[in-house]
Amino acid sequence: MFLSVKEMEHRKIRFDETFEAGRIDFAGEELEQVSPLVVAGSAELVAHSDSEVRIKGRYTVEMAAQCDRCLAGARFPLDAGFDLYYRPTSFIAKEEEVEIDEGEAEIGFYEGGGLELEDVLREQVLLALPMQRVCSEDCLGICAVCGKNRNEVKCDCHANTAGDERWGALRGLELNRN
Ligand SMILES: [Zn+2]
Ligand SMILES: [Zn+2]
């Protein structure tokens, strides 16, 4: 759904949308939208501003990713609100020399005649997900010795726990590199 600034010049745009599972593209993020994303909110021009747009609302969605520890599927139900400000990119050119103060760090930018609601939502979902994507806080991960998922199989490879930890750290490094 395109949120047109031209339209906002006449009235506040209200939206109440459902994006079917998979509709929002998370390609390259190793993430999947597994439930419909339901969002409601509004988009309007900020009074007495230079085409600054305010978009606020609330959404729910369930995302799926691979667990960082055991590599099985992990689910992340999200239910979050947002209140965002966007300025036209032309504003950057004008204010190039002006330092953006702390309080304005939250401001985004848009190009052309407006913003795609899908793009706004994709960014919000990525921000809302935890840094470490685990299927559960108690996930035991994969056994470094036999390679079995320790949540499912109780293996007998406890001889060298220190070794396990070293492997875990190595695996973490590999994940960070990707
Ligand atoms: Zn796990
Ligand atoms: Zn094992």
# chains A, B, ... in the order shown; residues from 1 in each chain; ligands from 1

$ residues_near_ligand --ligand "ligand 2" --cutoff "9 Å" --atoms "only C-alpha atoms and all ligand atoms" --output "list in words"
Ile142, Cys143, Ala144, Val145, Cys146, Gly147, Lys148, Asn149, Arg150, Val153, Lys154, Cys155, Asp156, Cys157 and His158 of chain A

$ write_last_selection --atoms "all heavy atoms" --output "tab-separated table (two decimals), in the first residue's frame"
chain	number	residue	atom	x	y	z
A	142	ILE	N	22.99	-27.87	19.69
A	142	ILE	CA	23.44	-29.11	19.07
A	142	ILE	C	24.67	-29.61	19.79
A	142	ILE	O	25.55	-28.84	20.16
A	142	ILE	CB	23.75	-28.86	17.58
A	142	ILE	CG1	22.42	-28.74	16.82
A	142	ILE	CG2	24.62	-29.95	16.99
A	142	ILE	CD1	22.57	-28.44	15.37
A	143	CYS	N	24.74	-30.92	20.00
A	143	CYS	CA	25.90	-31.51	20.66
A	143	CYS	C	27.11	-31.37	19.73
A	143	CYS	O	27.07	-31.78	18.57
A	143	CYS	CB	25.64	-32.98	20.97
A	143	CYS	SG	27.13	-33.81	21.59
A	144	ALA	N	28.18	-30.79	20.26
A	144	ALA	CA	29.37	-30.56	19.45
A	144	ALA	C	30.09	-31.87	19.12
A	144	ALA	O	30.89	-31.92	18.19
A	144	ALA	CB	30.32	-29.62	20.18
A	145	VAL	N	29.79	-32.91	19.88
A	145	VAL	CA	30.49	-34.18	19.66
A	145	VAL	C	29.75	-35.05	18.64
A	145	VAL	O	30.30	-35.44	17.62
A	145	VAL	CB	30.66	-34.94	21.00
A	145	VAL	CG1	31.39	-36.27	20.77
A	145	VAL	CG2	31.43	-34.08	22.00
A	146	CYS	N	28.44	-35.30	18.90
A	146	CYS	CA	27.72	-36.23	18.02
A	146	CYS	C	26.80	-35.52	17.03
A	146	CYS	O	26.26	-36.13	16.13
A	146	CYS	CB	26.91	-37.23	18.84
A	146	CYS	SG	25.51	-36.49	19.71
A	147	GLY	N	26.63	-34.22	17.19
A	147	GLY	CA	25.85	-33.46	16.22
A	147	GLY	C	24.35	-33.59	16.37
A	147	GLY	O	23.59	-33.13	15.52
A	148	LYS	N	23.89	-34.21	17.46
A	148	LYS	CA	22.45	-34.37	17.65
A	148	LYS	C	21.85	-33.15	18.33
A	148	LYS	O	22.53	-32.45	19.09
A	148	LYS	CB	22.17	-35.62	18.47
A	148	LYS	CG	22.29	-36.89	17.63
A	148	LYS	CD	22.07	-38.13	18.46
A	148	LYS	CE	22.25	-39.37	17.57
A	148	LYS	NZ	22.75	-40.50	18.34
A	149	ASN	N	20.59	-32.92	18.06
A	149	ASN	CA	19.86	-31.83	18.70
A	149	ASN	C	19.60	-32.24	20.15
A	149	ASN	O	18.84	-33.17	20.41
A	149	ASN	CB	18.54	-31.59	17.96
A	149	ASN	CG	17.76	-30.43	18.55
A	149	ASN	OD1	17.99	-30.01	19.68
A	149	ASN	ND2	16.84	-29.90	17.76
A	150	ARG	N	20.22	-31.56	21.08
A	150	ARG	CA	20.13	-31.97	22.49
A	150	ARG	C	18.77	-31.68	23.12
A	150	ARG	O	18.51	-32.08	24.24
A	150	ARG	CB	21.26	-31.32	23.29
A	150	ARG	CG	22.63	-31.83	22.84
A	150	ARG	CD	23.69	-31.57	23.88
A	150	ARG	NE	23.87	-30.13	24.07
A	150	ARG	CZ	24.80	-29.60	24.86
A	150	ARG	NH1	25.60	-30.38	25.55
A	150	ARG	NH2	24.93	-28.31	24.95
A	153	VAL	N	17.37	-35.32	21.78
A	153	VAL	CA	18.08	-36.54	22.13
A	153	VAL	C	18.99	-36.27	23.32
A	153	VAL	O	19.69	-35.27	23.36
A	153	VAL	CB	18.97	-37.02	20.94
A	153	VAL	CG1	19.63	-38.34	21.28
A	153	VAL	CG2	18.14	-37.11	19.67
A	154	LYS	N	18.92	-37.18	24.28
A	154	LYS	CA	19.83	-37.04	25.42
A	154	LYS	C	21.02	-37.94	25.14
A	154	LYS	O	20.99	-39.13	25.38
A	154	LYS	CB	19.10	-37.46	26.71
A	154	LYS	CG	19.80	-36.95	27.96
A	154	LYS	CD	18.98	-37.28	29.19
A	154	LYS	CE	19.63	-36.75	30.46
A	154	LYS	NZ	21.01	-37.20	30.66
A	155	CYS	N	22.07	-37.36	24.58
A	155	CYS	CA	23.23	-38.17	24.22
A	155	CYS	C	24.18	-38.27	25.42
A	155	CYS	O	24.00	-37.59	26.41
A	155	CYS	CB	23.95	-37.58	23.01
A	155	CYS	SG	24.57	-35.92	23.30
A	156	ASP	N	25.19	-39.09	25.30
A	156	ASP	CA	26.12	-39.32	26.43
A	156	ASP	C	27.47	-38.65	26.21
A	156	ASP	O	28.49	-39.13	26.67
A	156	ASP	CB	26.31	-40.83	26.65
A	156	ASP	CG	24.99	-41.47	27.07
A	156	ASP	OD1	24.32	-40.88	27.92
A	156	ASP	OD2	24.65	-42.53	26.52
A	157	CYS	N	27.48	-37.57	25.51
A	157	CYS	CA	28.76	-36.93	25.18
A	157	CYS	C	29.10	-35.82	26.16
A	157	CYS	O	29.35	-34.70	25.76
A	157	CYS	CB	28.71	-36.34	23.78
A	157	CYS	SG	28.01	-37.42	22.55
A	158	HIS	N	29.11	-36.14	27.45
A	158	HIS	CA	29.39	-35.07	28.40
A	158	HIS	C	30.80	-35.12	28.94
A	158	HIS	O	31.14	-34.43	29.88
A	158	HIS	CB	28.38	-35.11	29.55
A	158	HIS	CG	26.98	-34.94	29.06
A	158	HIS	ND1	26.58	-33.80	28.39
A	158	HIS	CD2	25.91	-35.77	29.09
A	158	HIS	CE1	25.30	-33.94	28.06
A	158	HIS	NE2	24.88	-35.12	28.46

$ residues_near_ligand --ligand "ligand 1" --cutoff "6 Å" --atoms "only C-alpha atoms and all ligand atoms" --output "PyMOL selection string"
chain A and resi 67+69-70+72+134-135+139+141

$ write_last_selection --atoms "N, CA, C and O atoms" --output "PDB file, in the first residue's frame"
ATOM      1  N   CYS A  67      16.745 -21.431  14.559  1.00  0.00           N
ATOM      2  CA  CYS A  67      17.310 -21.188  15.891  1.00  0.00           C
ATOM      3  C   CYS A  67      18.833 -21.113  15.789  1.00  0.00           C
ATOM      4  O   CYS A  67      19.459 -21.972  15.178  1.00  0.00           O
ATOM      5  N   ARG A  69      20.951 -21.723  17.973  1.00  0.00           N
ATOM      6  CA  ARG A  69      21.646 -22.775  18.729  1.00  0.00           C
ATOM      7  C   ARG A  69      21.415 -24.177  18.163  1.00  0.00           C
ATOM      8  O   ARG A  69      22.358 -24.937  17.983  1.00  0.00           O
ATOM      9  N   CYS A  70      20.138 -24.531  17.894  1.00  0.00           N
ATOM     10  CA  CYS A  70      19.874 -25.928  17.502  1.00  0.00           C
ATOM     11  C   CYS A  70      19.505 -26.061  16.025  1.00  0.00           C
ATOM     12  O   CYS A  70      19.326 -27.168  15.531  1.00  0.00           O
ATOM     13  N   ALA A  72      16.858 -25.696  14.544  1.00  0.00           N
ATOM     14  CA  ALA A  72      15.466 -26.047  14.261  1.00  0.00           C
ATOM     15  C   ALA A  72      14.684 -24.746  14.050  1.00  0.00           C
ATOM     16  O   ALA A  72      15.212 -23.656  14.231  1.00  0.00           O
ATOM     17  N   VAL A 134      16.542 -17.541  19.125  1.00  0.00           N
ATOM     18  CA  VAL A 134      16.546 -18.903  19.659  1.00  0.00           C
ATOM     19  C   VAL A 134      15.117 -19.410  19.794  1.00  0.00           C
ATOM     20  O   VAL A 134      14.189 -18.639  20.024  1.00  0.00           O
ATOM     21  N   CYS A 135      14.962 -20.753  19.641  1.00  0.00           N
ATOM     22  CA  CYS A 135      13.633 -21.354  19.695  1.00  0.00           C
ATOM     23  C   CYS A 135      13.066 -21.241  21.103  1.00  0.00           C
ATOM     24  O   CYS A 135      11.857 -21.177  21.297  1.00  0.00           O
ATOM     25  N   CYS A 139      16.937 -23.468  25.127  1.00  0.00           N
ATOM     26  CA  CYS A 139      17.414 -24.350  24.056  1.00  0.00           C
ATOM     27  C   CYS A 139      18.814 -24.867  24.379  1.00  0.00           C
ATOM     28  O   CYS A 139      19.707 -24.107  24.726  1.00  0.00           O
ATOM     29  N   GLY A 141      20.753 -26.529  22.249  1.00  0.00           N
ATOM     30  CA  GLY A 141      21.635 -26.494  21.085  1.00  0.00           C
ATOM     31  C   GLY A 141      22.010 -27.867  20.570  1.00  0.00           C
ATOM     32  O   GLY A 141      21.443 -28.883  20.968  1.00  0.00           O
TER      33      GLY A 141
END

$ residues_around --residues "segment 9-25 of chain A" --least-positions-apart "2" --cutoff "12 Å" --atoms "only C-alpha atoms" --output "PyMOL selection string"
chain A and resi 1-7+27-64+113-114+116-126
